[in-house]
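Below: data-v8.cif (mmCIF, C-alpha atoms and all ligand atoms)
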data_structure
#
loop_
_atom_site.label_atom_id
_atom_site.label_comp_id
_atom_site.auth_asym_id
_atom_site.auth_seq_id
_atom_site.Cartn_x
_atom_site.Cartn_y
_atom_site.Cartn_z
CA MET A 1 -28.56 57.05 19.50
CA ALA A 2 -31.42 54.83 20.63
CA GLY A 3 -34.14 56.63 22.58
CA ARG A 4 -33.73 55.99 26.29
CA ASN A 5 -36.25 55.75 29.13
CA VAL A 6 -35.83 58.91 31.18
CA LEU A 7 -37.20 59.93 34.58
CA VAL A 8 -36.76 63.54 35.71
CA THR A 9 -37.66 64.31 39.32
CA GLY A 10 -39.27 67.71 39.90
CA GLY A 11 -39.83 67.95 36.17
CA ASN A 12 -43.04 69.96 36.40
CA ARG A 13 -41.32 73.38 36.42
CA GLY A 14 -38.02 75.26 36.32
CA ILE A 15 -34.82 73.48 35.38
CA GLY A 16 -36.41 70.02 35.55
CA LEU A 17 -39.11 70.97 33.04
CA SER A 18 -36.51 72.30 30.59
CA ILE A 19 -34.48 69.12 30.95
CA ALA A 20 -37.57 66.97 30.33
CA ARG A 21 -38.62 68.97 27.25
CA ASP A 22 -35.09 68.92 25.85
CA LEU A 23 -34.69 65.14 26.28
CA LEU A 24 -38.13 64.51 24.77
CA GLU A 25 -37.17 66.63 21.75
CA ALA A 26 -33.92 64.64 21.48
CA GLY A 27 -35.99 61.50 20.91
CA HIS A 28 -36.08 59.93 24.37
CA SER A 29 -39.16 58.65 26.22
CA VAL A 30 -39.61 60.91 29.21
CA VAL A 31 -41.62 60.80 32.43
CA VAL A 32 -41.49 63.63 34.98
CA THR A 33 -42.37 63.49 38.64
CA HIS A 34 -44.67 66.10 40.18
CA ARG A 35 -46.12 66.48 43.65
CA SER A 36 -49.47 68.02 42.89
CA GLY A 37 -51.75 69.00 40.01
CA GLU A 38 -51.35 67.66 36.50
CA PRO A 39 -48.13 66.93 34.61
CA PRO A 40 -47.00 69.75 32.30
CA GLU A 41 -48.51 69.83 28.81
CA GLY A 42 -47.01 67.29 26.43
CA LEU A 43 -45.27 65.27 29.14
CA GLN A 44 -46.18 62.10 31.00
CA GLY A 45 -46.07 62.43 34.77
CA VAL A 46 -46.17 60.39 37.96
CA ARG A 47 -46.65 61.66 41.49
CA CYS A 48 -43.59 61.48 43.71
CA GLU A 49 -42.47 62.82 47.06
CA VAL A 50 -38.71 62.24 47.17
CA THR A 51 -38.54 62.34 50.98
CA ASP A 52 -40.65 59.15 51.08
CA SER A 53 -39.05 55.86 49.93
CA ALA A 54 -42.44 54.21 49.30
CA SER A 55 -43.51 57.12 47.11
CA VAL A 56 -40.24 56.92 45.16
CA ASP A 57 -40.70 53.19 44.65
CA ARG A 58 -44.30 53.67 43.48
CA ALA A 59 -43.30 56.47 41.11
CA PHE A 60 -40.62 54.31 39.48
CA THR A 61 -43.04 51.39 39.09
CA GLU A 62 -45.62 53.67 37.45
CA ALA A 63 -42.97 55.33 35.27
CA GLU A 64 -41.70 51.92 34.13
CA GLU A 65 -45.26 51.02 33.09
CA LEU A 66 -45.60 54.24 31.09
CA LEU A 67 -42.16 53.79 29.54
CA GLY A 68 -42.59 50.08 28.85
CA GLY A 69 -39.33 49.17 30.60
CA PRO A 70 -36.81 50.19 33.25
CA VAL A 71 -35.60 53.76 33.63
CA ASP A 72 -32.13 53.95 32.11
CA VAL A 73 -31.58 57.69 32.56
CA LEU A 74 -32.33 59.24 35.95
CA VAL A 75 -32.14 63.00 36.36
CA ALA A 76 -32.35 63.69 40.11
CA ASN A 77 -33.36 67.33 39.99
CA ALA A 78 -35.95 67.88 42.76
CA GLY A 79 -34.61 70.33 45.30
CA ILE A 80 -35.45 73.07 47.78
CA THR A 81 -33.79 75.92 49.68
CA ARG A 82 -34.50 77.00 53.27
CA ASP A 83 -31.92 79.77 53.75
CA GLN A 84 -30.95 80.88 57.24
CA LEU A 85 -27.80 82.04 59.03
CA LEU A 86 -25.94 79.21 60.77
CA MET A 87 -26.60 80.34 64.34
CA ARG A 88 -30.33 80.70 63.67
CA MET A 89 -30.83 77.60 61.55
CA SER A 90 -33.23 75.10 63.09
CA ASP A 91 -32.78 71.34 62.95
CA GLU A 92 -35.91 71.24 60.81
CA GLU A 93 -34.50 73.74 58.29
CA PHE A 94 -31.29 71.75 58.01
CA ASP A 95 -32.88 68.30 57.94
CA SER A 96 -35.63 69.11 55.43
CA VAL A 97 -33.13 70.43 52.87
CA VAL A 98 -30.74 67.48 53.29
CA ASP A 99 -33.67 65.03 53.24
CA THR A 100 -35.00 66.44 49.97
CA ASN A 101 -31.82 67.33 48.07
CA LEU A 102 -29.40 64.62 49.18
CA ALA A 103 -31.40 61.72 50.67
CA GLY A 104 -34.11 62.24 48.01
CA ALA A 105 -31.50 61.87 45.26
CA PHE A 106 -30.09 58.80 47.03
CA ARG A 107 -33.56 57.18 47.23
CA CYS A 108 -34.12 57.73 43.51
CA ALA A 109 -30.63 56.49 42.53
CA ARG A 110 -31.03 53.39 44.70
CA ARG A 111 -34.36 52.52 43.05
CA ALA A 112 -33.05 53.33 39.56
CA SER A 113 -29.95 51.17 40.05
CA LYS A 114 -32.07 47.97 40.19
CA GLY A 115 -33.18 48.30 36.57
CA MET A 116 -29.87 49.71 35.39
CA ILE A 117 -27.88 46.80 36.83
CA ARG A 118 -30.19 44.38 35.01
CA LEU A 119 -29.81 46.34 31.77
CA ARG A 120 -26.04 46.73 32.32
CA ARG A 121 -26.48 50.33 31.23
CA GLY A 122 -27.51 53.56 32.88
CA ARG A 123 -26.99 57.27 33.34
CA ILE A 124 -27.51 58.92 36.73
CA ILE A 125 -27.32 62.69 36.67
CA PHE A 126 -27.57 64.70 39.88
CA ILE A 127 -28.49 68.36 39.71
CA SER A 128 -26.28 69.98 42.31
CA SER A 129 -25.31 73.67 42.48
CA VAL A 130 -22.24 75.90 42.22
CA VAL A 131 -22.90 76.55 45.91
CA GLY A 132 -22.04 72.93 46.76
CA LEU A 133 -18.31 73.46 46.27
CA TYR A 134 -18.15 77.29 46.39
CA GLY A 135 -20.15 77.76 49.60
CA SER A 136 -22.68 80.47 50.31
CA PRO A 137 -23.53 82.41 53.47
CA GLY A 138 -26.99 81.53 54.75
CA GLN A 139 -27.00 78.26 52.83
CA THR A 140 -25.08 75.81 55.04
CA ASN A 141 -27.93 73.28 54.71
CA TYR A 142 -28.24 73.69 50.94
CA ALA A 143 -24.47 73.66 50.27
CA ALA A 144 -23.97 70.58 52.44
CA SER A 145 -26.77 68.76 50.59
CA LYS A 146 -25.40 69.76 47.18
CA SER A 147 -21.75 68.86 47.89
CA GLY A 148 -22.99 65.54 49.27
CA LEU A 149 -24.19 64.72 45.76
CA VAL A 150 -20.56 64.71 44.60
CA GLY A 151 -19.65 61.95 47.07
CA LEU A 152 -22.81 60.11 46.11
CA ALA A 153 -22.01 60.25 42.38
CA ARG A 154 -18.38 59.29 42.84
CA SER A 155 -19.19 56.32 45.07
CA ILE A 156 -21.84 55.10 42.60
CA SER A 157 -19.24 55.49 39.83
CA ARG A 158 -16.85 53.22 41.71
CA GLU A 159 -19.57 50.76 42.71
CA LEU A 160 -21.38 50.43 39.37
CA GLY A 161 -18.91 51.75 36.78
CA GLY A 162 -18.11 48.22 35.61
CA ARG A 163 -21.77 47.64 34.74
CA GLY A 164 -22.05 50.36 32.13
CA ILE A 165 -23.56 52.85 34.58
CA THR A 166 -22.25 56.40 34.90
CA ALA A 167 -23.06 58.88 37.68
CA ASN A 168 -22.31 62.56 37.21
CA VAL A 169 -23.12 65.89 38.75
CA VAL A 170 -24.27 69.02 36.95
CA ALA A 171 -23.60 72.15 38.99
CA PRO A 172 -25.64 75.10 37.75
CA GLY A 173 -24.85 78.64 38.83
CA PHE A 174 -27.62 81.24 39.05
CA ILE A 175 -30.37 80.19 36.68
CA GLU A 176 -33.54 82.20 36.04
CA THR A 177 -36.30 80.16 37.76
CA ASP A 178 -38.82 80.47 40.62
CA MET A 179 -35.97 79.61 43.03
CA THR A 180 -33.91 82.69 42.10
CA GLU A 181 -36.91 84.91 41.28
CA VAL A 182 -37.48 85.42 45.02
CA LEU A 183 -34.00 86.92 45.62
CA PRO A 184 -33.95 90.65 46.48
CA GLU A 185 -32.92 92.89 43.54
CA ASP A 186 -29.75 94.18 45.24
CA ARG A 187 -28.55 90.63 45.89
CA LYS A 188 -29.29 89.67 42.28
CA LYS A 189 -27.18 92.63 41.06
CA ALA A 190 -24.32 91.70 43.41
CA TYR A 191 -24.37 88.09 42.22
CA GLN A 192 -24.46 89.17 38.59
CA ALA A 193 -21.38 91.35 39.05
CA SER A 194 -19.42 88.34 40.32
CA ILE A 195 -20.29 86.06 37.38
CA PRO A 196 -17.60 86.13 34.65
CA ALA A 197 -20.30 85.70 31.96
CA GLY A 198 -22.03 88.81 33.37
CA ARG A 199 -25.51 87.30 33.40
CA PHE A 200 -27.70 84.64 34.96
CA GLY A 201 -28.07 81.37 33.08
CA ARG A 202 -31.07 79.91 31.28
CA THR A 203 -32.70 76.58 32.10
CA GLU A 204 -32.04 75.45 28.50
CA GLU A 205 -28.30 75.81 29.12
CA VAL A 206 -28.50 73.34 32.01
CA ALA A 207 -30.63 71.01 29.90
CA ALA A 208 -27.99 70.92 27.15
CA ALA A 209 -25.34 69.72 29.61
CA VAL A 210 -27.69 67.03 30.94
CA ARG A 211 -28.50 65.90 27.39
CA PHE A 212 -24.80 65.36 26.73
CA LEU A 213 -24.19 63.41 29.95
CA ALA A 214 -27.25 61.26 29.17
CA SER A 215 -25.94 60.38 25.71
CA ASP A 216 -24.14 57.23 24.61
CA GLU A 217 -21.17 59.43 23.66
CA ALA A 218 -20.66 60.35 27.34
CA GLY A 219 -20.11 56.71 28.34
CA TYR A 220 -16.54 57.31 29.53
CA ILE A 221 -17.44 60.30 31.74
CA THR A 222 -18.31 59.35 35.30
CA GLY A 223 -17.85 60.92 38.72
CA ALA A 224 -17.48 64.30 37.03
CA VAL A 225 -18.82 67.66 38.16
CA LEU A 226 -19.89 69.70 35.14
CA PRO A 227 -20.40 73.38 35.97
CA VAL A 228 -23.00 75.41 34.07
CA ASP A 229 -22.36 78.64 35.92
CA GLY A 230 -20.92 81.30 33.62
CA GLY A 231 -17.54 80.77 35.31
CA LEU A 232 -18.72 81.67 38.82
CA GLY A 233 -17.28 78.59 40.51
CA MET A 234 -14.04 78.34 38.52
CA GLY A 235 -11.38 76.40 40.40
CA HIS A 236 -13.77 74.73 42.80
P1 LIG B 1 -37.88 75.11 41.37
O1 LIG B 1 -38.11 75.58 42.77
O2 LIG B 1 -38.37 75.91 40.21
O3 LIG B 1 -38.40 73.58 41.21
C1 LIG B 1 -38.07 72.62 42.16
C2 LIG B 1 -38.69 71.30 41.75
O4 LIG B 1 -38.39 70.30 42.75
C3 LIG B 1 -40.21 71.38 41.65
O5 LIG B 1 -40.64 70.56 40.60
C4 LIG B 1 -40.64 70.81 42.99
O6 LIG B 1 -41.93 70.25 42.98
C5 LIG B 1 -39.61 69.71 43.17
N1 LIG B 1 -39.54 69.27 44.55
C6 LIG B 1 -39.15 70.00 45.64
N2 LIG B 1 -39.22 69.26 46.74
C7 LIG B 1 -39.67 68.03 46.38
C8 LIG B 1 -39.97 66.84 47.08
N3 LIG B 1 -39.81 66.74 48.40
N4 LIG B 1 -40.41 65.77 46.37
C9 LIG B 1 -40.59 65.85 45.04
N5 LIG B 1 -40.33 66.95 44.32
C10 LIG B 1 -39.88 68.04 44.98
O7 LIG B 1 -36.30 74.90 41.30
P2 LIG B 1 -35.28 75.02 40.08
O8 LIG B 1 -35.85 74.54 38.83
O9 LIG B 1 -34.65 76.35 40.15
O10 LIG B 1 -34.19 73.98 40.63
C11 LIG B 1 -34.12 72.64 40.18
C12 LIG B 1 -32.86 72.03 40.76
O11 LIG B 1 -31.73 72.81 40.35
C13 LIG B 1 -32.83 72.03 42.29
O12 LIG B 1 -32.22 70.85 42.76
C14 LIG B 1 -31.98 73.23 42.62
O13 LIG B 1 -31.35 73.10 43.86
C15 LIG B 1 -30.98 73.21 41.47
N6 LIG B 1 -30.35 74.49 41.21
C16 LIG B 1 -31.07 75.60 40.87
C17 LIG B 1 -30.40 76.79 40.61
C18 LIG B 1 -31.12 78.03 40.19
O14 LIG B 1 -30.44 79.06 40.07
N7 LIG B 1 -32.40 78.02 39.96
C19 LIG B 1 -28.96 76.89 40.70
C20 LIG B 1 -28.30 75.67 41.04
C21 LIG B 1 -28.99 74.53 41.28
P3 LIG B 1 -43.23 71.19 43.29
O15 LIG B 1 -43.53 71.94 42.02
O16 LIG B 1 -44.25 70.21 43.68
O17 LIG B 1 -42.82 72.11 44.43
#
Structure encoded using structure tokens:
Amino acid sequence: MAGRNVLVTGGNRGIGLSIARDLLEAGHSVVVTHRSGEPPEGLQGVRCEVTDSASVDRAFTEAEELLGGPVDVLVANAGITRDQLLMRMSDEEFDSVVDTNLAGAFRCARRASKGMIRLRRGRIIFISSVVGLYGSPGQTNYAASKSGLVGLARSISRELGGRGITANVVAPGFIETDMTEVLPEDRKKAYQASIPAGRFGRTEEVAAAVRFLASDEAGYITGAVLPVDGGLGMGH
């Protein structure tokens, strides 16, 4: 397969970093977005704040310069949690999560679509979560943002499917990263007991699913939700 031009948002750590490293190793040209500091070793980076359309536009323009052409694989991975029980959740807690996880992914997909439509080829991969379809107490904001990505991907599939562009969702379960590191031990144990695979996942296991959806071979898969969750969300 020809090497593609890849942009991974939030690719400076966690799942995004694994995805970026994996795709680079697979022979693609990869740029990651980061908000502060330097890009991770061995990777090209551009600054991007996904809640800001102008920043997204700038980041794509800079990435296209580094890549020498339009982005033809977008991995919209940047995301946050702000957990709180429904009755105590502030507007700000709800809005900031939806603005980052859902509207941020929309802003990136919208910008990416310009180049992809011209190329008549593209892969848009949204990193959602098992929680999007399974639900989770204390995560109404996060779950709403992550299930919204399914509607986003499926509408893009219908809108741009005829132009060689696919849009899919990867729904990881509990993956060992900074995001899950902060969970209390007793909650981690309880979660683990409910996962058919009996363990948390590794970032590399999410990256492998993304690599497949980004490939030429996955050209007839669009609007799909691919779980990488050890069976936790089965049936959802
Ligand atoms: P991390 O918290 O380790 O990394 C999150 C990344 O998103 C960082 O690179 C962060 O940048 C970036 N980011 C956050 N907000 C913004 C923003 N406003 N603009 C630009 N970049 C931003 O998370 P994970 O690696 O664990 O998660 C990656 C994705 O996978 C997320 O979408 C998450 O919801 C999803 N996911 C994670 C699971 C898990 O178990 N870990 C399970 C299911 C889904 P910075 O370093 O600057 O903060």
Give me the chain A side of the contact with ligand LIG 1 (chain B), cut-off 7 Å, one line per residue showing its nearest atom pair and distance in Å at one decimal, counting all atoms listed in the file, sorted by chain and residue number, as JSON lines.
{"residue": "A:Thr9", "atom": "CA", "partner": "B:LIG1", "partner_atom": "N5", "distance": 6.3}
{"residue": "A:Gly10", "atom": "CA", "partner": "B:LIG1", "partner_atom": "O5", "distance": 3.2}
{"residue": "A:Gly11", "atom": "CA", "partner": "B:LIG1", "partner_atom": "O5", "distance": 5.2}
{"residue": "A:Asn12", "atom": "CA", "partner": "B:LIG1", "partner_atom": "O5", "distance": 4.9}
{"residue": "A:Arg13", "atom": "CA", "partner": "B:LIG1", "partner_atom": "O5", "distance": 5.1}
{"residue": "A:Gly14", "atom": "CA", "partner": "B:LIG1", "partner_atom": "O8", "distance": 3.4}
{"residue": "A:Ile15", "atom": "CA", "partner": "B:LIG1", "partner_atom": "O8", "distance": 3.8}
{"residue": "A:Gly16", "atom": "CA", "partner": "B:LIG1", "partner_atom": "O8", "distance": 5.6}
{"residue": "A:Thr33", "atom": "CA", "partner": "B:LIG1", "partner_atom": "N5", "distance": 7.0}
{"residue": "A:His34", "atom": "CA", "partner": "B:LIG1", "partner_atom": "O16", "distance": 5.4}
{"residue": "A:Arg35", "atom": "CA", "partner": "B:LIG1", "partner_atom": "O16", "distance": 4.2}
{"residue": "A:Ser36", "atom": "CA", "partner": "B:LIG1", "partner_atom": "O16", "distance": 5.7}
{"residue": "A:Cys48", "atom": "CA", "partner": "B:LIG1", "partner_atom": "C9", "distance": 5.5}
{"residue": "A:Glu49", "atom": "CA", "partner": "B:LIG1", "partner_atom": "N4", "distance": 3.7}
{"residue": "A:Val50", "atom": "CA", "partner": "B:LIG1", "partner_atom": "N4", "distance": 4.0}
{"residue": "A:Thr51", "atom": "CA", "partner": "B:LIG1", "partner_atom": "N3", "distance": 5.3}
{"residue": "A:Asn77", "atom": "CA", "partner": "B:LIG1", "partner_atom": "O12", "distance": 4.6}
{"residue": "A:Ala78", "atom": "CA", "partner": "B:LIG1", "partner_atom": "O4", "distance": 3.4}
{"residue": "A:Gly79", "atom": "CA", "partner": "B:LIG1", "partner_atom": "O12", "distance": 3.5}
{"residue": "A:Ile80", "atom": "CA", "partner": "B:LIG1", "partner_atom": "C6", "distance": 5.3}
{"residue": "A:Thr81", "atom": "CA", "partner": "B:LIG1", "partner_atom": "O13", "distance": 6.9}
{"residue": "A:Thr100", "atom": "CA", "partner": "B:LIG1", "partner_atom": "N3", "distance": 5.1}
{"residue": "A:Asn101", "atom": "CA", "partner": "B:LIG1", "partner_atom": "O12", "distance": 6.4}
{"residue": "A:Ile127", "atom": "CA", "partner": "B:LIG1", "partner_atom": "O12", "distance": 5.4}
{"residue": "A:Ser128", "atom": "CA", "partner": "B:LIG1", "partner_atom": "C21", "distance": 5.4}
{"residue": "A:Ser129", "atom": "CA", "partner": "B:LIG1", "partner_atom": "C20", "distance": 3.9}
{"residue": "A:Val130", "atom": "CA", "partner": "B:LIG1", "partner_atom": "C20", "distance": 6.2}
{"residue": "A:Ala171", "atom": "CA", "partner": "B:LIG1", "partner_atom": "C20", "distance": 6.2}
{"residue": "A:Pro172", "atom": "CA", "partner": "B:LIG1", "partner_atom": "C20", "distance": 4.3}
{"residue": "A:Gly173", "atom": "CA", "partner": "B:LIG1", "partner_atom": "C19", "distance": 4.8}
{"residue": "A:Phe174", "atom": "CA", "partner": "B:LIG1", "partner_atom": "O14", "distance": 3.7}
{"residue": "A:Ile175", "atom": "CA", "partner": "B:LIG1", "partner_atom": "O14", "distance": 3.6}
{"residue": "A:Glu176", "atom": "CA", "partner": "B:LIG1", "partner_atom": "N7", "distance": 5.8}
{"residue": "A:Thr177", "atom": "CA", "partner": "B:LIG1", "partner_atom": "O9", "distance": 4.8}
{"residue": "A:Asp178", "atom": "CA", "partner": "B:LIG1", "partner_atom": "O2", "distance": 4.6}
{"residue": "A:Met179", "atom": "CA", "partner": "B:LIG1", "partner_atom": "O9", "distance": 4.5}
{"residue": "A:Thr180", "atom": "CA", "partner": "B:LIG1", "partner_atom": "N7", "distance": 5.4}
Report, in Å to a single decimal, how far apart atom CA of A:Thr166 and atom CA of A:Ser113 are.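 Atom-to-atom, atom CA of A:Ser113 and atom CA of A:Thr166 are spaced 10.6 Å apart.
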Write out as a PyMOL selection string the residues lying within 12 Å of A:Asp95, counting only C-alpha atoms and excluding same-chain residues fewer than 6 positions away. chain A and resi 51+80-82+89+101-104+140-142+144-145
Can those selected residues be exported to a file as a compact mmCIF listing (two decimals), keeping the file's coordinate frame so that it contains C-alpha atoms?
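Printed below is out32.txt as written:
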# COMPACT_ATOMS: atom_id res chain seq x y z
CA THR A 51 -38.54 62.34 50.98
CA ILE A 80 -35.45 73.07 47.78
CA THR A 81 -33.79 75.92 49.68
CA ARG A 82 -34.50 77.00 53.27
CA MET A 89 -30.83 77.60 61.55
CA ASN A 101 -31.82 67.33 48.07
CA LEU A 102 -29.40 64.62 49.18
CA ALA A 103 -31.40 61.72 50.67
CA GLY A 104 -34.11 62.24 48.01
CA THR A 140 -25.08 75.81 55.04
CA ASN A 141 -27.93 73.28 54.71
CA TYR A 142 -28.24 73.69 50.94
CA ALA A 144 -23.97 70.58 52.44
CA SER A 145 -26.77 68.76 50.59
Between A:Ile165, A:Leu232, A:Leu86, A:Ala76, which is the closest to A:Gly198 once you count all atoms listed in the file?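 Under the stated criterion, the closest residue is A:Leu232.
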Atomic separation - atom CA of A:Ala143 relative to atom CA of A:Arg187, Å: 18.0 Å
Have a look at atom CA of A:Leu149 and atom CA of A:Val73 and let me know their distance in Å, one decimal. 16.7 Å
Closest of A:Gly223, A:Gly162, A:Gly3, A:Gly69 to A:Val150 - atom-to-atom distances counting only C-alpha atoms: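 Selected residue with least distance to A:Val150: A:Gly223.
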Of the listed residues A:Ile124, A:Ala190, A:Val206, A:Ile156, that which approaches A:Ala218 most closely, counting all atoms listed in the file: A:Ile124
I'd like to know which of A:Asp72, A:Glu205, A:Asp186, A:Asp99 is closest to A:Asp52, using only C-alpha atoms.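 Smallest distance to A:Asp52 is found for A:Asp99.
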Please, which residues are within 12 Å of (-20.9, 59.0, 38.3) by the file's coordinates, counting only C-alpha atoms, and could they come as an MDAnalysis selection string? chainID A and resid 74 109 122:126 149:170 213:214 218:226
Starting from the sparse input, extend stretch 60-73 of chain A to N, CA and C atoms and give the output as an mmCIF file, in the frame of the given file.
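What landed in part-v4.cif:
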data_model
loop_
_atom_site.group_PDB
_atom_site.id
_atom_site.type_symbol
_atom_site.label_atom_id
_atom_site.label_comp_id
_atom_site.auth_asym_id
_atom_site.auth_seq_id
_atom_site.Cartn_x
_atom_site.Cartn_y
_atom_site.Cartn_z
ATOM 1 N N PHE A 60 -41.434 55.050 40.452
ATOM 2 C CA PHE A 60 -40.620 54.310 39.480
ATOM 3 C C PHE A 60 -41.443 53.205 38.815
ATOM 4 N N THR A 61 -42.224 52.485 39.638
ATOM 5 C CA THR A 61 -43.040 51.390 39.090
ATOM 6 C C THR A 61 -44.021 51.937 38.062
ATOM 7 N N GLU A 62 -44.667 53.072 38.393
ATOM 8 C CA GLU A 62 -45.620 53.670 37.450
ATOM 9 C C GLU A 62 -44.909 54.192 36.205
ATOM 10 N N ALA A 63 -43.737 54.787 36.407
ATOM 11 C CA ALA A 63 -42.970 55.330 35.270
ATOM 12 C C ALA A 63 -42.563 54.186 34.344
ATOM 13 N N GLU A 64 -42.139 53.071 34.941
ATOM 14 C CA GLU A 64 -41.700 51.920 34.130
ATOM 15 C C GLU A 64 -42.863 51.375 33.296
ATOM 16 N N GLU A 65 -44.088 51.454 33.870
ATOM 17 C CA GLU A 65 -45.260 51.020 33.090
ATOM 18 C C GLU A 65 -45.484 51.948 31.908
ATOM 19 N N LEU A 66 -45.398 53.265 32.168
ATOM 20 C CA LEU A 66 -45.600 54.240 31.090
ATOM 21 C C LEU A 66 -44.519 54.120 30.018
ATOM 22 N N LEU A 67 -43.295 53.828 30.464
ATOM 23 C CA LEU A 67 -42.160 53.790 29.540
ATOM 24 C C LEU A 67 -42.020 52.429 28.860
ATOM 25 N N GLY A 68 -42.690 51.420 29.407
ATOM 26 C CA GLY A 68 -42.590 50.080 28.850
ATOM 27 C C GLY A 68 -41.263 49.395 29.143
ATOM 28 N N GLY A 69 -40.599 49.804 30.215
ATOM 29 C CA GLY A 69 -39.330 49.170 30.600
ATOM 30 C C GLY A 69 -38.650 49.981 31.683
ATOM 31 N N PRO A 70 -37.507 49.488 32.165
ATOM 32 C CA PRO A 70 -36.810 50.190 33.250
ATOM 33 C C PRO A 70 -36.308 51.577 32.846
ATOM 34 N N VAL A 71 -36.176 52.414 33.845
ATOM 35 C CA VAL A 71 -35.600 53.760 33.630
ATOM 36 C C VAL A 71 -34.103 53.577 33.406
ATOM 37 N N ASP A 72 -33.589 54.059 32.283
ATOM 38 C CA ASP A 72 -32.130 53.950 32.110
ATOM 39 C C ASP A 72 -31.428 55.298 32.148
ATOM 40 N N VAL A 73 -32.183 56.387 32.275
ATOM 41 C CA VAL A 73 -31.580 57.690 32.560
ATOM 42 C C VAL A 73 -32.370 58.322 33.704
#
